[in-house]
Amino acid sequence: MQKSNLMTEGAPWRHIIRFAAPVLAGSLLQQLYNTVDAIIVGNFTGEAALSAVGTTGSFAFLFLAIALGFSAGNGVVVAQHYGAGDEVQVRKTASSGILFLMILGAIFALLGIAVARPAYTYIVNVPESYLDMTLQYFRIYAIGLIFQYGYNIFSSILRAVGDSRATLYFLLIASVLNIALDLLFVAVFRWGVAGAAIATVIAQAASFAAAWLYMTRQYPIFRFKLSEYRWSGPHIRSTVTVGMPISLQLIIVSVGLTLIQRAVNGFGQAMTASFTVGNRIEMYLNLPCNAFQTTLATYTGQNIGANRMDRVKLGVRQTIVISCICTLLISGAVWLLSENIITLFGLSDQAAVYCLDHLRTVAFINIILSLYIPLFGVFQGSNHSGFPAIVATGALTTRVLVTYLFKDSAFLGYRMIWWNGLFGFGLGFIISWSYYLSGRWQRNASVR
């Protein structure tokens, strides 16, 4: 079995940067094409269409959370077996994970189409003025869930064996294709939000195909015969055991953001359009901590498989420092360039005022995330993936509570929609570091 991608020897920070750099670059590409998508929709179809596309995001993330969680869970188990040198279990865990995720993708694609109207009407509370556009966009987007689920399991397996660079190539393909098709379908053909959704689905299908081709051609260990895609109870259970808490964490995030989106929609179209842009830019601030979370999950899993707990602790200290420095640099850029950024999206004057306040606030607040989110990767890689769900529940509950308690008050008012992170992230920081420093995450840290 190929061993060149193991992260159990040498300086931890070198492995961490080498692994995280492609993950970070890939996530950056993904955010760039999401940003370009919003710029094109905002400039060529108007603020109502931009609001429609933006308001789909929090509920759509609920479906993606399942893919991210279970694929990450499968990747952790694969990483542990890979670190232990057990090729048989690597193959069985990977093949069962692929089958499981593809079935889930098909189920949730159909479910998404079925529940779109009641969800966006009654839960998200989308205004009637752009409800039809919201439903049109989301239903087309939901068709592509099967490709997203497939892409995520392939990427997680590749990251589990230390190959994070490949995902950068897949996302580059998807980004370029999505931007080109956005310009064609929205700017030239004038298909509106439907064109933006179709472009996204085609780009997702392309990244899915590229990931499968690369994985099977580059790694003989993952060249499965059709008969090897079996429903293996023990291996599915391992994936679910590790992946369910990760999914739950992300589902909690989605539910919390959906409730915040509902509050946003109550302030009118200008606020919704502003929040769409603000969220797109806020994602850039979160790229480093999310990339280092992914990195530490694989790093921790491999080192636990090799019985090198000492390296895990050293890697954590180095990763937190790197994560904070990267976030500070991005935050500084967002603060300085926020006015220039806002002009790209074709917002109305009132929406631009909201957005400027939003961006400059989160550029300060989101630095807190860089100091504790990478720890989630340690908990996931050490079979304590349920703990991040507890942290997420506390943080999101706090954010939602302070938003609804103070959004109509003299205390910050509507600004609580972006200031809520100070309270939620602050709580998350305290809980995460308390648990890590207690050492309880090291219990039951063994290969599944």
# chains A, B, ... in the order shown; residues from 1 in each chain; ligands from 1

call {"tool": "residues_around", "arguments": {"residues": "segment 138-140 of chain A", "least_positions_apart": "5", "cutoff": "8 Å", "atoms": "only C-alpha atoms", "output": "MDAnalysis selection string"}}
result
chainID A and resid 56 60 112:113 116 194 197:198 201

call {"tool": "residues_around", "arguments": {"residues": "Gln350 of chain A", "least_positions_apart": "2", "cutoff": "10 Å", "atoms": "only C-alpha atoms", "output": "PDB file with C-alpha atoms, in the first residue's frame"}}
result
ATOM      1  CA  ALA A 270     -32.682  45.081   0.815  1.00  0.00           C
ATOM      2  CA  MET A 271     -31.593  43.328   4.001  1.00  0.00           C
ATOM      3  CA  SER A 274     -27.262  42.509   1.711  1.00  0.00           C
ATOM      4  CA  LEU A 347     -26.882  46.326  -4.483  1.00  0.00           C
ATOM      5  CA  SER A 348     -29.251  49.206  -3.815  1.00  0.00           C
ATOM      6  CA  ALA A 352     -25.012  48.537   0.538  1.00  0.00           C
ATOM      7  CA  VAL A 353     -25.239  50.384   3.887  1.00  0.00           C
ATOM      8  CA  TYR A 354     -26.347  47.175   5.633  1.00  0.00           C
ATOM      9  CA  CYS A 355     -23.636  45.172   3.912  1.00  0.00           C
TER      10      CYS A 355
END

call {"tool": "residues_around", "arguments": {"residues": "Leu287 of chain A", "least_positions_apart": "5", "cutoff": "12 Å", "atoms": "only C-alpha atoms", "output": "PDB file with C-alpha atoms, in the first residue's frame"}}
result
ATOM      1  CA  ALA A  20      -4.073  22.225   4.172  1.00  0.00           C
ATOM      2  CA  ALA A  21      -2.821  24.413   1.301  1.00  0.00           C
ATOM      3  CA  PRO A  22      -4.699  22.529  -1.458  1.00  0.00           C
ATOM      4  CA  VAL A  23      -7.793  22.220   0.769  1.00  0.00           C
ATOM      5  CA  LEU A  24      -7.687  25.964   1.405  1.00  0.00           C
ATOM      6  CA  ALA A  25      -7.089  26.745  -2.266  1.00  0.00           C
ATOM      7  CA  GLY A  26      -9.924  24.436  -3.289  1.00  0.00           C
ATOM      8  CA  SER A  27     -12.306  26.037  -0.820  1.00  0.00           C
ATOM      9  CA  LEU A  28     -11.196  29.442  -2.085  1.00  0.00           C
ATOM     10  CA  LEU A  29     -12.059  28.413  -5.623  1.00  0.00           C
ATOM     11  CA  GLN A  30     -15.436  27.170  -4.461  1.00  0.00           C
ATOM     12  CA  GLN A  31     -16.161  30.472  -2.753  1.00  0.00           C
ATOM     13  CA  LEU A  32     -14.937  32.421  -5.767  1.00  0.00           C
ATOM     14  CA  ARG A 280     -20.639  35.133   0.568  1.00  0.00           C
ATOM     15  CA  ILE A 281     -17.767  37.297   1.803  1.00  0.00           C
ATOM     16  CA  GLU A 282     -17.942  35.957   5.363  1.00  0.00           C
ATOM     17  CA  PHE A 292      -7.311  23.237   9.192  1.00  0.00           C
ATOM     18  CA  GLN A 293     -10.219  21.361  10.767  1.00  0.00           C
ATOM     19  CA  THR A 294     -10.220  19.004   7.770  1.00  0.00           C
ATOM     20  CA  SER A 323      -4.951  29.294  11.406  1.00  0.00           C
ATOM     21  CA  CYS A 324      -5.019  32.562  13.338  1.00  0.00           C
ATOM     22  CA  CYS A 326      -4.198  33.279   7.941  1.00  0.00           C
ATOM     23  CA  THR A 327      -7.536  34.558   9.259  1.00  0.00           C
ATOM     24  CA  LEU A 328      -6.025  37.838  10.427  1.00  0.00           C
ATOM     25  CA  LEU A 329      -4.648  38.481   6.943  1.00  0.00           C
ATOM     26  CA  ILE A 330      -7.995  37.820   5.262  1.00  0.00           C
ATOM     27  CA  SER A 331      -9.879  39.861   7.888  1.00  0.00           C
ATOM     28  CA  ASN A 366     -14.753  35.691  12.956  1.00  0.00           C
ATOM     29  CA  ILE A 367     -11.140  35.726  14.151  1.00  0.00           C
ATOM     30  CA  LEU A 369     -13.415  30.914  14.941  1.00  0.00           C
ATOM     31  CA  SER A 370      -9.797  30.504  13.855  1.00  0.00           C
ATOM     32  CA  ILE A 373     -12.694  25.390  14.950  1.00  0.00           C
ATOM     33  CA  PRO A 374      -9.461  23.471  14.043  1.00  0.00           C
TER      34      PRO A 374
END

call {"tool": "select_by_dssp", "arguments": {"residues": "segment 212-414 of chain A", "states": "alpha helix (DSSP H)", "output": "count of residues only"}}
result
162

call {"tool": "residues_around", "arguments": {"residues": "Tyr169 of chain A", "least_positions_apart": "4", "cutoff": "9 Å", "atoms": "only C-alpha atoms", "output": "list in words"}}
result
Pro22, Gly26, Arg165, Ile173, Ala174, Ser207, Ala210 and Ala211 of chain A

call {"tool": "residues_around", "arguments": {"residues": "segment 333-341 of chain A", "least_positions_apart": "6", "cutoff": "7 Å", "atoms": "only C-alpha atoms", "output": "list in words"}}
result
Leu356, Leu359, Arg360 and Ala363 of chain A

call {"tool": "write_last_selection", "arguments": {"atoms": "N, CA and C atoms", "output": "PDB file, in the first residue's frame"}}
result
ATOM      1  N   LEU A 356     -22.038  46.955   4.345  1.00  0.00           N
ATOM      2  CA  LEU A 356     -20.773  47.501   4.842  1.00  0.00           C
ATOM      3  C   LEU A 356     -20.624  47.260   6.342  1.00  0.00           C
ATOM      4  N   LEU A 359     -19.966  43.427   6.917  1.00  0.00           N
ATOM      5  CA  LEU A 359     -18.619  42.956   6.595  1.00  0.00           C
ATOM      6  C   LEU A 359     -17.581  43.421   7.606  1.00  0.00           C
ATOM      7  N   ARG A 360     -17.649  44.663   8.005  1.00  0.00           N
ATOM      8  CA  ARG A 360     -16.641  45.184   8.938  1.00  0.00           C
ATOM      9  C   ARG A 360     -16.803  44.589  10.341  1.00  0.00           C
ATOM     10  N   ALA A 363     -15.491  40.800  10.051  1.00  0.00           N
ATOM     11  CA  ALA A 363     -14.036  40.758   9.870  1.00  0.00           C
ATOM     12  C   ALA A 363     -13.326  40.748  11.215  1.00  0.00           C
TER      13      ALA A 363
END

call {"tool": "atom_distance", "arguments": {"atom1": "atom CA of Leu401 of chain A", "atom2": "atom CA of Leu422 of chain A"}}
result
12.7 Å

call {"tool": "residues_around", "arguments": {"residues": "Ser51 of chain A", "least_positions_apart": "4", "cutoff": "6 Å", "atoms": "only C-alpha atoms", "output": "mmCIF file with C-alpha atoms, in the first residue's frame"}}
result
data_model
loop_
_atom_site.group_PDB
_atom_site.id
_atom_site.type_symbol
_atom_site.label_atom_id
_atom_site.label_comp_id
_atom_site.auth_asym_id
_atom_site.auth_seq_id
_atom_site.Cartn_x
_atom_site.Cartn_y
_atom_site.Cartn_z
ATOM 1 C CA THR A 55 -32.162 32.783 0.744
ATOM 2 C CA THR A 272 -31.913 39.873 2.382
ATOM 3 C CA ALA A 273 -29.819 40.933 -0.623
#

call {"tool": "atom_distance", "arguments": {"atom1": "atom CA of Val264 of chain A", "atom2": "atom CA of Ala114 of chain A"}}
result
24.8 Å

call {"tool": "closest_residue", "arguments": {"among": "A:Lys92, A:Arg18, A:Lys407, A:Arg440", "to": "Thr239 of chain A", "atoms": "only C-alpha atoms"}}
result
A:Lys92

call {"tool": "closest_residue", "arguments": {"among": "A:Thr403, A:Gln442, A:Gln218, A:Ser71", "to": "Val312 of chain A", "atoms": "only C-alpha atoms"}}
result
A:Gln442

call {"tool": "closest_residue", "arguments": {"among": "A:Tyr436, A:Tyr82, A:Tyr33, A:Phe19", "to": "Ile304 of chain A", "atoms": "only C-alpha atoms"}}
result
A:Tyr82

call {"tool": "residues_around", "arguments": {"residues": "Gly73 of chain A", "least_positions_apart": "4", "cutoff": "10 Å", "atoms": "only C-alpha atoms", "output": "list in words"}}
result
Ala67, Leu68, Gly69, Val77, Val78, Ala79, Gly97, Ile153, Ser156, Ile157, Ser238, Thr239, Val240, Thr241, Val242, Gly243, Met244, Pro245, Ile246, Ser247, Ala297, Gln380, Gly381, Asn383 and Ser385 of chain A

call {"tool": "closest_residue", "arguments": {"among": "A:Asp349, A:Phe224, A:Val378, A:Tyr229", "to": "Leu314 of chain A", "atoms": "only C-alpha atoms"}}
result
A:Val378

call {"tool": "closest_atom_pairs", "arguments": {"of": "segment 160-207 of chain A", "to": "segment 298-302 of chain A", "cutoff": "10 Å", "atoms": "only C-alpha atoms", "output": "CSV"}}
result
residue,atom,partner,partner_atom,distance
A:Ala160,CA,A:Thr298,CA,5.7
A:Val161,CA,A:Thr298,CA,8.2
A:Gly162,CA,A:Thr298,CA,7.5

call {"tool": "write_last_selection", "arguments": {"atoms": "N, CA and C atoms", "output": "compact mmCIF listing (two decimals), in the first residue's frame"}}
result
# COMPACT_ATOMS: atom_id res chain seq x y z
N ALA A 160 -8.15 11.12 3.11
CA ALA A 160 -7.83 10.13 4.15
C ALA A 160 -6.46 9.49 3.92
N VAL A 161 -6.06 9.36 2.65
CA VAL A 161 -4.74 8.78 2.34
C VAL A 161 -3.71 9.88 2.10
N GLY A 162 -4.07 11.12 2.49
CA GLY A 162 -3.10 12.21 2.44
C GLY A 162 -3.07 13.00 1.15

call {"tool": "closest_residue", "arguments": {"among": "A:Ala142, A:Val186, A:Ala52, A:Val115", "to": "Asp37 of chain A", "atoms": "only C-alpha atoms"}}
result
A:Val186

call {"tool": "closest_residue", "arguments": {"among": "A:Gly105, A:Gly256, A:Pro220, A:Gly346", "to": "Asn420 of chain A", "atoms": "only C-alpha atoms"}}
result
A:Gly256
